[in-house]
$ cat final_17.tsv   # TSV, C-alpha atoms
chain	number	residue	atom	x	y	z
A	184	MET	CA	9.69	-29.61	-197.37
A	185	SER	CA	7.89	-28.44	-200.49
A	186	PHE	CA	8.72	-29.66	-203.97
A	187	GLU	CA	10.32	-26.32	-204.81
A	188	GLN	CA	12.87	-26.72	-202.01
A	189	ILE	CA	13.91	-30.33	-202.73
A	190	LEU	CA	17.51	-30.51	-203.90
A	191	ASP	CA	18.40	-32.49	-207.01
A	192	LYS	CA	21.24	-34.67	-205.71
A	193	ARG	CA	22.40	-35.57	-209.21
A	194	LEU	CA	22.89	-31.91	-210.06
A	195	LEU	CA	24.42	-31.29	-206.64
A	196	ARG	CA	27.04	-33.99	-207.17
A	197	HIS	CA	27.76	-32.70	-210.68
A	198	ALA	CA	28.22	-29.13	-209.37
A	199	PHE	CA	30.78	-30.21	-206.80
A	200	GLU	CA	32.55	-32.49	-209.26
A	201	ARG	CA	33.05	-29.53	-211.60
A	202	ALA	CA	34.07	-27.21	-208.77
A	203	SER	CA	36.72	-29.50	-207.28
A	204	SER	CA	39.66	-27.92	-209.14
A	205	SER	CA	38.62	-24.32	-208.34
A	206	TYR	CA	37.26	-24.89	-204.85
A	207	ASP	CA	40.35	-24.12	-202.77
A	208	GLN	CA	40.95	-20.77	-204.47
A	209	SER	CA	37.49	-19.50	-203.50
A	210	ALA	CA	36.66	-21.39	-200.28
A	211	VAL	CA	37.85	-18.60	-197.97
A	212	LEU	CA	34.67	-18.64	-195.91
A	213	GLN	CA	34.64	-22.44	-195.64
A	214	ARG	CA	38.18	-22.46	-194.22
A	215	GLU	CA	37.41	-19.63	-191.81
A	216	ILE	CA	34.35	-21.42	-190.44
A	217	SER	CA	36.36	-24.64	-190.14
A	218	ASN	CA	38.96	-22.74	-188.10
A	219	ARG	CA	36.24	-21.35	-185.84
A	220	MET	CA	34.88	-24.87	-185.32
A	221	LEU	CA	38.37	-26.05	-184.40
A	222	ALA	CA	38.62	-23.24	-181.85
A	223	ARG	CA	35.38	-24.44	-180.27
A	224	LEU	CA	36.74	-27.97	-180.21
A	225	GLU	CA	39.60	-26.75	-178.00
A	226	TYR	CA	37.14	-26.44	-175.10
A	227	ILE	CA	35.90	-30.02	-175.44
A	228	LYS	CA	38.15	-32.53	-173.69
A	229	TYR	CA	37.52	-35.59	-175.79
A	230	GLN	CA	39.75	-38.10	-177.55
A	231	PRO	CA	37.87	-39.95	-180.34
A	232	ASP	CA	39.09	-43.27	-181.68
A	233	VAL	CA	37.82	-42.92	-185.26
A	234	ILE	CA	36.83	-39.62	-186.93
A	235	LEU	CA	34.44	-39.05	-189.83
A	236	ASP	CA	34.73	-35.80	-191.80
A	237	ALA	CA	31.23	-35.80	-193.30
A	238	GLY	CA	31.20	-33.62	-196.41
A	239	SER	CA	34.98	-33.29	-196.43
A	240	GLY	CA	35.35	-31.39	-199.71
A	241	THR	CA	39.00	-31.01	-200.64
A	242	GLY	CA	40.14	-32.06	-197.18
A	243	TYR	CA	41.01	-28.86	-195.30
A	244	GLY	CA	39.11	-29.95	-192.18
A	245	SER	CA	40.50	-33.49	-192.35
A	246	GLN	CA	44.07	-32.16	-192.39
A	247	GLN	CA	43.40	-29.93	-189.39
A	248	LEU	CA	41.83	-32.83	-187.49
A	249	LEU	CA	44.88	-34.99	-188.26
A	250	LYS	CA	47.05	-32.35	-186.63
A	251	ARG	CA	44.81	-32.19	-183.57
A	252	TYR	CA	44.45	-35.97	-183.25
A	253	PRO	CA	47.74	-37.35	-184.65
A	254	GLY	CA	47.62	-41.02	-185.52
A	255	LYS	CA	43.84	-41.29	-185.22
A	256	PRO	CA	42.05	-42.84	-188.22
A	257	ILE	CA	40.12	-40.23	-190.21
A	258	ILE	CA	37.52	-41.04	-192.84
A	259	ALA	CA	37.02	-38.25	-195.38
A	260	MET	CA	33.60	-38.68	-197.01
A	261	ASP	CA	32.14	-36.54	-199.77
A	262	ILE	CA	29.37	-36.89	-202.34
A	263	ALA	CA	31.76	-35.88	-205.15
A	264	GLN	CA	34.58	-38.24	-206.12
A	265	SER	CA	36.62	-35.40	-207.62
A	266	MET	CA	36.62	-33.61	-204.27
A	267	LEU	CA	38.11	-36.71	-202.66
A	268	LEU	CA	40.80	-36.88	-205.33
A	269	GLN	CA	41.74	-33.30	-204.48
A	270	ALA	CA	41.75	-34.20	-200.78
A	271	ARG	CA	44.28	-37.01	-201.15
A	272	PRO	CA	47.81	-35.94	-200.27
A	273	HIS	CA	49.62	-34.09	-203.06
A	274	LEU	CA	52.54	-36.44	-203.53
A	275	ASN	CA	55.43	-36.78	-205.95
A	276	TRP	CA	55.02	-39.46	-208.60
A	277	TRP	CA	57.20	-41.96	-206.70
A	278	GLN	CA	55.26	-41.36	-203.46
A	279	ARG	CA	52.01	-42.21	-205.26
A	280	LEU	CA	53.34	-45.74	-205.74
A	281	LEU	CA	53.35	-46.25	-201.97
A	282	PRO	CA	50.26	-47.04	-199.88
A	283	LEU	CA	48.54	-44.12	-198.17
A	284	PRO	CA	49.04	-43.74	-194.40
A	285	GLN	CA	46.90	-46.09	-192.35
A	286	HIS	CA	45.00	-43.19	-190.77
A	287	SER	CA	43.71	-41.77	-194.10
A	288	HIS	CA	40.57	-43.20	-195.68
A	289	TYR	CA	38.42	-41.76	-198.49
A	290	VAL	CA	34.78	-42.68	-199.05
A	291	CYS	CA	32.41	-41.36	-201.71
A	292	GLY	CA	28.97	-41.21	-200.12
A	293	ASP	CA	25.92	-39.14	-199.21
A	294	ILE	CA	25.53	-38.07	-195.57
A	295	GLU	CA	21.82	-38.86	-195.82
A	296	GLN	CA	22.80	-42.52	-196.33
A	297	ILE	CA	26.21	-42.96	-194.70
A	298	PRO	CA	27.95	-46.16	-195.90
A	299	LEU	CA	29.48	-47.01	-192.51
A	300	GLN	CA	28.65	-49.61	-189.88
A	301	ARG	CA	26.64	-48.94	-186.75
A	302	GLU	CA	28.64	-47.39	-183.88
A	303	SER	CA	31.85	-47.28	-185.91
A	304	VAL	CA	33.11	-43.71	-185.26
A	305	GLY	CA	33.75	-41.61	-182.17
A	306	LEU	CA	33.59	-38.13	-183.71
A	307	ILE	CA	31.54	-36.86	-186.63
A	308	TRP	CA	32.82	-33.55	-187.96
A	309	SER	CA	30.75	-31.80	-190.63
A	310	ASN	CA	31.62	-28.32	-191.89
A	311	LEU	CA	28.97	-26.68	-194.12
A	312	ALA	CA	27.47	-29.85	-195.52
A	313	LEU	CA	24.11	-30.20	-193.75
A	314	GLN	CA	22.53	-27.46	-195.88
A	315	TRP	CA	22.81	-29.83	-198.86
A	316	CYS	CA	20.52	-32.42	-197.24
A	317	ASN	CA	16.90	-32.90	-198.27
A	318	ASP	CA	15.97	-34.73	-195.05
A	319	LEU	CA	17.94	-33.44	-192.07
A	320	GLN	CA	16.07	-35.78	-189.74
A	321	GLN	CA	17.25	-38.74	-191.80
A	322	THR	CA	20.78	-37.33	-191.77
A	323	PHE	CA	20.85	-36.99	-187.98
A	324	ALA	CA	19.37	-40.49	-187.64
A	325	GLU	CA	22.23	-41.83	-189.79
A	326	MET	CA	24.82	-39.92	-187.76
A	327	HIS	CA	23.31	-41.25	-184.52
A	328	ARG	CA	23.44	-44.77	-185.96
A	329	ILE	CA	27.16	-44.76	-186.82
A	330	LEU	CA	28.29	-42.82	-183.73
A	331	ARG	CA	29.57	-44.73	-180.74
A	332	THR	CA	27.95	-44.29	-177.33
A	333	ASP	CA	29.35	-41.12	-175.73
A	334	GLY	CA	30.54	-40.03	-179.19
A	335	LEU	CA	30.46	-36.43	-180.38
A	336	LEU	CA	28.78	-34.78	-183.35
A	337	MET	CA	30.14	-31.34	-184.29
A	338	PHE	CA	28.90	-29.36	-187.27
A	339	SER	CA	28.28	-26.05	-188.97
A	340	THR	CA	25.63	-25.14	-191.50
A	341	PHE	CA	23.91	-22.09	-192.97
A	342	GLY	CA	20.79	-20.43	-191.56
A	343	PRO	CA	17.84	-18.71	-193.31
A	344	ASP	CA	19.45	-15.27	-193.67
A	345	THR	CA	22.27	-16.66	-195.81
A	346	LEU	CA	22.51	-14.87	-199.18
A	347	LYS	CA	19.53	-12.74	-198.20
A	348	GLU	CA	20.65	-9.88	-200.48
A	349	LEU	CA	20.79	-12.20	-203.47
A	350	ARG	CA	17.41	-13.73	-202.61
A	351	GLU	CA	15.72	-10.34	-202.19
A	352	SER	CA	17.21	-9.03	-205.44
A	353	PHE	CA	15.99	-11.94	-207.53
A	354	ALA	CA	12.59	-11.75	-205.83
A	355	GLN	CA	12.13	-8.44	-207.67
A	356	VAL	CA	12.32	-10.32	-210.97
A	357	ASP	CA	10.19	-13.48	-210.66
A	358	SER	CA	8.82	-16.02	-208.18
A	359	PHE	CA	11.36	-18.79	-208.86
A	360	ASN	CA	13.80	-20.02	-206.20
A	361	HIS	CA	17.17	-18.57	-207.19
A	362	VAL	CA	18.78	-19.33	-203.81
A	363	ASN	CA	18.58	-22.57	-201.80
A	364	ARG	CA	16.54	-22.49	-198.59
A	365	PHE	CA	18.22	-22.96	-195.22
A	366	ILE	CA	16.82	-24.29	-191.94
A	367	ASP	CA	16.48	-22.27	-188.71
A	368	MET	CA	18.88	-22.90	-185.82
A	369	HIS	CA	16.11	-23.82	-183.38
A	370	ASP	CA	14.70	-26.39	-185.79
A	371	VAL	CA	18.17	-27.93	-186.13
A	372	GLY	CA	18.42	-28.22	-182.35
A	373	ASP	CA	14.96	-29.80	-182.13
A	374	LEU	CA	15.91	-32.39	-184.74
A	375	LEU	CA	19.03	-33.32	-182.78
A	376	VAL	CA	16.97	-34.06	-179.67
A	377	HIS	CA	14.31	-35.87	-181.70
A	378	ASN	CA	16.97	-38.20	-183.09
A	379	GLY	CA	18.42	-39.16	-179.72
A	380	PHE	CA	21.26	-36.69	-179.25
A	381	ALA	CA	21.85	-35.21	-175.81
A	382	VAL	CA	23.06	-31.87	-174.47
A	383	PRO	CA	22.92	-30.04	-177.82
A	384	VAL	CA	24.75	-26.72	-177.84
A	385	MET	CA	23.74	-24.31	-180.61
A	386	ASP	CA	25.28	-21.01	-181.59
A	387	MET	CA	24.89	-18.57	-184.49
A	388	GLU	CA	26.77	-15.63	-185.97
A	389	TYR	CA	26.62	-13.48	-189.07
A	390	ILE	CA	29.61	-13.24	-191.39
A	391	THR	CA	29.47	-10.63	-194.14
A	392	MET	CA	31.77	-10.73	-197.13
A	393	THR	CA	32.06	-7.80	-199.56
A	394	TYR	CA	32.51	-7.67	-203.32
A	395	SER	CA	32.94	-5.01	-205.96
A	396	ASP	CA	30.19	-6.37	-208.23
A	397	VAL	CA	27.54	-9.07	-208.47
A	398	MET	CA	29.42	-11.05	-211.13
A	399	SER	CA	32.29	-11.58	-208.68
A	400	ILE	CA	29.79	-12.93	-206.16
A	401	MET	CA	28.34	-15.34	-208.69
A	402	ARG	CA	31.79	-16.49	-209.82
A	403	ASP	CA	32.84	-17.30	-206.27
A	404	LEU	CA	29.62	-19.21	-205.59
A	405	LYS	CA	30.11	-21.18	-208.81
A	406	ALA	CA	33.77	-21.88	-207.97
A	407	ILE	CA	32.80	-23.63	-204.71
A	408	GLY	CA	29.90	-25.52	-206.30
A	409	ALA	CA	27.22	-23.49	-204.50
A	410	HIS	CA	24.69	-23.62	-207.31
A	411	ASN	CA	20.96	-23.45	-206.85
A	412	VAL	CA	19.97	-27.09	-207.31
A	413	ALA	CA	16.43	-26.87	-205.89
A	414	GLN	CA	13.76	-28.44	-208.06
A	415	GLY	CA	11.82	-25.16	-208.00
A	416	ARG	CA	14.65	-23.25	-209.67
A	417	ARG	CA	14.23	-21.48	-213.00
A	418	SER	CA	14.78	-24.02	-215.80
A	419	GLY	CA	15.99	-21.63	-218.52
A	420	LEU	CA	18.44	-18.77	-218.71
A	421	MET	CA	17.34	-15.40	-217.36
A	422	GLY	CA	16.83	-12.77	-220.03
A	423	LYS	CA	18.97	-9.64	-220.16
A	424	LYS	CA	16.14	-7.39	-218.99
A	425	SER	CA	15.43	-9.57	-215.96
A	426	TRP	CA	19.12	-9.92	-215.16
A	427	ASP	CA	19.63	-6.16	-215.31
A	428	LYS	CA	16.66	-5.69	-213.00
A	429	ALA	CA	18.16	-8.13	-210.47
A	430	LEU	CA	21.54	-6.36	-210.65
A	431	SER	CA	19.87	-3.01	-210.11
A	432	ALA	CA	18.02	-4.38	-207.07
A	433	TYR	CA	21.27	-5.67	-205.57
A	434	GLU	CA	22.92	-2.27	-206.03
A	435	LYS	CA	20.59	-0.90	-203.36
A	436	PHE	CA	22.61	-2.87	-200.79
A	437	ARG	CA	25.92	-1.23	-201.75
A	438	THR	CA	27.66	0.34	-198.75
A	439	ASP	CA	30.99	2.17	-198.77
A	440	GLY	CA	31.48	1.17	-202.38
A	441	LYS	CA	31.06	-2.57	-201.74
A	442	LEU	CA	28.25	-5.10	-202.13
A	443	PRO	CA	27.62	-7.21	-198.99
A	444	VAL	CA	26.97	-10.95	-198.99
A	445	THR	CA	25.52	-12.17	-195.70
A	446	PHE	CA	26.04	-15.66	-194.31
A	447	GLU	CA	24.14	-16.81	-191.23
A	448	VAL	CA	26.42	-19.47	-189.78
A	449	ILE	CA	25.03	-22.03	-187.35
A	450	TYR	CA	27.35	-24.04	-185.12
A	451	GLY	CA	26.29	-27.04	-183.11
A	452	HIS	CA	27.53	-30.03	-181.19
A	453	ALA	CA	25.82	-32.83	-179.30
A	454	TRP	CA	26.60	-36.20	-177.75
A	455	LYS	CA	25.22	-39.67	-178.23
A	456	PRO	CA	24.16	-40.83	-174.74
A	457	PRO	CA	23.91	-44.42	-173.59
A	458	SER	CA	20.54	-45.91	-174.33
A	459	ARG	CA	18.19	-45.99	-171.38
A	460	GLN	CA	18.03	-49.76	-171.49
A	461	SER	CA	21.83	-50.12	-171.35
A	462	ILE	CA	22.06	-48.40	-167.94
A	463	LEU	CA	19.44	-50.68	-166.31
A	464	THR	CA	20.46	-53.89	-164.61
A	465	PRO	CA	18.94	-57.12	-165.99
A	466	GLU	CA	16.80	-57.43	-162.83
A	467	ILE	CA	15.33	-53.92	-163.21
A	468	ARG	CA	14.76	-54.49	-166.92
A	469	ARG	CA	12.92	-57.74	-166.05
A	470	GLN	CA	10.74	-55.92	-163.53
A	471	LEU	CA	9.88	-53.30	-166.13
A	472	GLY	CA	8.90	-56.02	-168.58
A	473	LEU	CA	11.72	-55.14	-170.97
A	474	ILE	CA	12.96	-58.75	-171.00
A	475	ASP	CA	11.32	-62.08	-170.17

$ encode --input "final_17.tsv" --output "structure tokens"
Amino acid sequence: MSFEQILDKRLLRHAFERASSSYDQSAVLQREISNRMLARLEYIKYQPDVILDAGSGTGYGSQQLLKRYPGKPIIAMDIAQSMLLQARPHLNWWQRLLPLPQHSHYVCGDIEQIPLQRESVGLIWSNLALQWCNDLQQTFAEMHRILRTDGLLMFSTFGPDTLKELRESFAQVDSFNHVNRFIDMHDVGDLLVHNGFAVPVMDMEYITMTYSDVMSIMRDLKAIGAHNVAQGRRSGLMGKKSWDKALSAYEKFRTDGKLPVTFEVIYGHAWKPPSRQSILTPEIRRQLGLID
């Protein structure tokens, strides 16, 4: 990854902290993709013991997982503390004096360095969080580390065509990165295999949202914390002339009176298989020189 594409995690955390109060009003796409992930989960006959919602945001996915797996412990983890505060149950003042249910846990952490013990969860669920990682290989290595043998990783993320209209419009103005870069589906699948996951299943679809004007697009992206936090972004404010040029370029995409916003959505799931050594008897391992 080049310097220009490296995400500033400090700015990323700050963006999501500020967006926590407005997130639910604008996170229509995030909820829809979460619902589509849940529909895919219906075809997987698996009962996890402990669930990690990695990049939980305000907790929509966690609540849906609680309904699907009642009584199972769920750990909601997010990089922004304010998101976790929004995710906690909305209780009356007297209910806040009581301890939270045993199955609800909230952890502030980065999915590139997950603060959980080795082989401590049975299902890792991650809806639209992987695109905020600088090192996806490191992230998958961490997920493999904390996942139990025969455990399941299920995720969604954005692909390279996401926000392509916005990227192309700003490219008419200057050479700065105005939109974060996203990794290709095939590269995601390769990284899963490289980090020890088995039987990866990858899928992709395009979802297009429409808006009346560019400012509405920008407001929604800001409301969910989807700022450009790449180190190669423009450091100062864009001048009026440049901004008008970008708006004019975006207008070329208008269809039936609306401006499209494209999202390339990648879905994936994979399993953590037993290690090769664990399925060999001590005698065979001795013959292979794996033990003295």

$ atom_distance --input "final_17.tsv" --atom1 "atom CA of A:Ala406" --atom2 "atom CA of A:Tyr394"
15.0 Å

$ atom_distance --input "final_17.tsv" --atom1 "atom CA of A:Gln264" --atom2 "atom CA of A:Pro343"
28.7 Å

$ residues_around --input "final_17.tsv" --residues "A:Ile216" --least-positions-apart "2" --cutoff "10 Å" --atoms "all atoms listed in the file" --output "MDAnalysis selection string"
chainID A and resid 211:214 218:222 244 310:311 339:340 390 448:450

$ residues_near_point --input "final_17.tsv" --point "(44.1, -33.8, -194.7)" --cutoff "9 Å" --atoms "all atoms listed in the file" --output "ChimeraX atom specification"
/A:241-250,257,259,270-272,287

$ closest_residue --input "final_17.tsv" --among "A:Asp293, A:Lys423, A:Asp403, A:Ala453" --to "A:Ser209" --atoms "all atoms listed in the file"
A:Asp403

$ residues_around --input "final_17.tsv" --residues "A:Asp367" --least-positions-apart "6" --cutoff "12 Å" --atoms "all atoms listed in the file" --output "ChimeraX atom specification"
/A:314,319,340-345,373-374,385-387,447-450

$ closest_residue --input "final_17.tsv" --among "A:Met368, A:Asp207, A:Arg402, A:Lys347" --to "A:Val444" --atoms "all atoms listed in the file"
A:Lys347

$ atom_distance --input "final_17.tsv" --atom1 "atom CA of A:His369" --atom2 "atom CA of A:His452"
13.2 Å

$ closest_residue --input "final_17.tsv" --among "A:Asp396, A:Glu200, A:Asp370, A:Asp427" --to "A:Leu268" --atoms "all atoms listed in the file"
A:Glu200

$ closest_residue --input "final_17.tsv" --among "A:Ile407, A:Gly305, A:Gly440, A:Leu224" --to "A:Gly240" --atoms "only C-alpha atoms"
A:Ile407

$ closest_residue --input "final_17.tsv" --among "A:Gly379, A:Gly292, A:Gly238, A:Pro443" --to "A:Met392" --atoms "only C-alpha atoms"
A:Pro443

$ residues_around --input "final_17.tsv" --residues "A:Lys255" --least-positions-apart "2" --cutoff "8 Å" --atoms "only C-alpha atoms" --output "mmCIF file with C-alpha atoms, in the coordinates of the input"
data_model
loop_
_atom_site.group_PDB
_atom_site.id
_atom_site.type_symbol
_atom_site.label_atom_id
_atom_site.label_comp_id
_atom_site.auth_asym_id
_atom_site.auth_seq_id
_atom_site.Cartn_x
_atom_site.Cartn_y
_atom_site.Cartn_z
ATOM 1 C CA PRO A 231 37.870 -39.950 -180.340
ATOM 2 C CA ASP A 232 39.090 -43.270 -181.680
ATOM 3 C CA VAL A 233 37.820 -42.920 -185.260
ATOM 4 C CA ILE A 234 36.830 -39.620 -186.930
ATOM 5 C CA LEU A 249 44.880 -34.990 -188.260
ATOM 6 C CA TYR A 252 44.450 -35.970 -183.250
ATOM 7 C CA PRO A 253 47.740 -37.350 -184.650
ATOM 8 C CA ILE A 257 40.120 -40.230 -190.210
ATOM 9 C CA HIS A 286 45.000 -43.190 -190.770
#

$ closest_residue --input "final_17.tsv" --among "A:Thr445, A:Met337, A:Ser352, A:Ile294" --to "A:Trp426" --atoms "all atoms listed in the file"
A:Ser352

$ closest_atom_pairs --input "final_17.tsv" --of "stretch 315-387 of chain A" --to "stretch 188-194 of chain A" --cutoff "8 Å" --atoms "only C-alpha atoms" --output "Markdown table"
| residue | atom | partner | partner_atom | distance |
| --- | --- | --- | --- | --- |
| A:Trp315 | CA | A:Leu190 | CA | 7.3 |
| A:Cys316 | CA | A:Leu190 | CA | 7.6 |
| A:Asn317 | CA | A:Ile189 | CA | 6.0 |
| A:Asn360 | CA | A:Gln188 | CA | 8.0 |
| A:Asn363 | CA | A:Gln188 | CA | 7.1 |
| A:Arg364 | CA | A:Gln188 | CA | 6.6 |

$ residues_near_point --input "final_17.tsv" --point "(27.1, -41.5, -188.5)" --cutoff "10 Å" --atoms "all atoms listed in the file" --output "ChimeraX atom specification"
/A:235,237,294-308,322-331,336

$ axis_aligned_box --input "final_17.tsv" --around "stretch 370-387 of chain A" --padding-each-side "3 Å" --output "AutoDock Vina command-line options"
--center_x 19.8 --center_y -28.9 --center_z -180.3 --size_x 17.0 --size_y 26.6 --size_z 17.7

$ decode --input "final_17.tsv" --residues "stretch 342-360 of chain A" --atoms "N, CA and C atoms" --output "PDB file, in the first residue's frame"
ATOM      1  N   GLY A 342     -15.775  -2.800  -2.401  1.00  0.00           N
ATOM      2  CA  GLY A 342     -14.820  -3.057  -3.466  1.00  0.00           C
ATOM      3  C   GLY A 342     -14.436  -1.792  -4.204  1.00  0.00           C
ATOM      4  N   PRO A 343     -13.532  -1.901  -5.199  1.00  0.00           N
ATOM      5  CA  PRO A 343     -12.919  -0.741  -5.860  1.00  0.00           C
ATOM      6  C   PRO A 343     -13.870   0.214  -6.566  1.00  0.00           C
ATOM      7  N   ASP A 344     -15.031  -0.263  -7.008  1.00  0.00           N
ATOM      8  CA  ASP A 344     -15.956   0.617  -7.726  1.00  0.00           C
ATOM      9  C   ASP A 344     -16.823   1.465  -6.793  1.00  0.00           C
ATOM     10  N   THR A 345     -16.638   1.315  -5.505  1.00  0.00           N
ATOM     11  CA  THR A 345     -17.417   2.099  -4.545  1.00  0.00           C
ATOM     12  C   THR A 345     -17.117   3.585  -4.694  1.00  0.00           C
ATOM     13  N   LEU A 346     -18.177   4.383  -4.762  1.00  0.00           N
ATOM     14  CA  LEU A 346     -18.073   5.851  -4.905  1.00  0.00           C
ATOM     15  C   LEU A 346     -17.309   6.241  -6.173  1.00  0.00           C
ATOM     16  N   LYS A 347     -17.452   5.438  -7.210  1.00  0.00           N
ATOM     17  CA  LYS A 347     -16.684   5.701  -8.435  1.00  0.00           C
ATOM     18  C   LYS A 347     -17.072   7.036  -9.074  1.00  0.00           C
ATOM     19  N   GLU A 348     -18.345   7.437  -8.962  1.00  0.00           N
ATOM     20  CA  GLU A 348     -18.770   8.719  -9.530  1.00  0.00           C
ATOM     21  C   GLU A 348     -18.093   9.880  -8.818  1.00  0.00           C
ATOM     22  N   LEU A 349     -18.005   9.770  -7.508  1.00  0.00           N
ATOM     23  CA  LEU A 349     -17.359  10.825  -6.718  1.00  0.00           C
ATOM     24  C   LEU A 349     -15.864  10.887  -7.037  1.00  0.00           C
ATOM     25  N   ARG A 350     -15.240   9.714  -7.150  1.00  0.00           N
ATOM     26  CA  ARG A 350     -13.804   9.659  -7.443  1.00  0.00           C
ATOM     27  C   ARG A 350     -13.509  10.260  -8.828  1.00  0.00           C
ATOM     28  N   GLU A 351     -14.314   9.884  -9.811  1.00  0.00           N
ATOM     29  CA  GLU A 351     -14.087  10.386 -11.170  1.00  0.00           C
ATOM     30  C   GLU A 351     -14.327  11.891 -11.258  1.00  0.00           C
ATOM     31  N   SER A 352     -15.294  12.388 -10.509  1.00  0.00           N
ATOM     32  CA  SER A 352     -15.595  13.818 -10.542  1.00  0.00           C
ATOM     33  C   SER A 352     -14.463  14.640  -9.950  1.00  0.00           C
ATOM     34  N   PHE A 353     -13.938  14.205  -8.825  1.00  0.00           N
ATOM     35  CA  PHE A 353     -12.839  14.946  -8.205  1.00  0.00           C
ATOM     36  C   PHE A 353     -11.538  14.792  -8.987  1.00  0.00           C
ATOM     37  N   ALA A 354     -11.425  13.706  -9.759  1.00  0.00           N
ATOM     38  CA  ALA A 354     -10.224  13.519 -10.579  1.00  0.00           C
ATOM     39  C   ALA A 354     -10.122  14.580 -11.668  1.00  0.00           C
ATOM     40  N   GLN A 355     -11.249  15.230 -11.985  1.00  0.00           N
ATOM     41  CA  GLN A 355     -11.235  16.318 -12.968  1.00  0.00           C
ATOM     42  C   GLN A 355     -10.655  17.596 -12.397  1.00  0.00           C
ATOM     43  N   VAL A 356     -10.461  17.626 -11.075  1.00  0.00           N
ATOM     44  CA  VAL A 356     -10.037  18.855 -10.396  1.00  0.00           C
ATOM     45  C   VAL A 356      -8.552  18.836 -10.050  1.00  0.00           C
ATOM     46  N   ASP A 357      -8.094  17.737  -9.414  1.00  0.00           N
ATOM     47  CA  ASP A 357      -6.688  17.644  -9.008  1.00  0.00           C
ATOM     48  C   ASP A 357      -6.303  16.174  -8.886  1.00  0.00           C
ATOM     49  N   SER A 358      -5.081  15.924  -8.441  1.00  0.00           N
ATOM     50  CA  SER A 358      -4.573  14.553  -8.358  1.00  0.00           C
ATOM     51  C   SER A 358      -4.603  13.997  -6.946  1.00  0.00           C
ATOM     52  N   PHE A 359      -5.225  14.706  -6.005  1.00  0.00           N
ATOM     53  CA  PHE A 359      -5.300  14.231  -4.626  1.00  0.00           C
ATOM     54  C   PHE A 359      -6.312  13.086  -4.514  1.00  0.00           C
ATOM     55  N   ASN A 360      -6.161  12.279  -3.444  1.00  0.00           N
ATOM     56  CA  ASN A 360      -7.135  11.234  -3.150  1.00  0.00           C
ATOM     57  C   ASN A 360      -8.298  11.845  -2.374  1.00  0.00           C
TER      58      ASN A 360
END
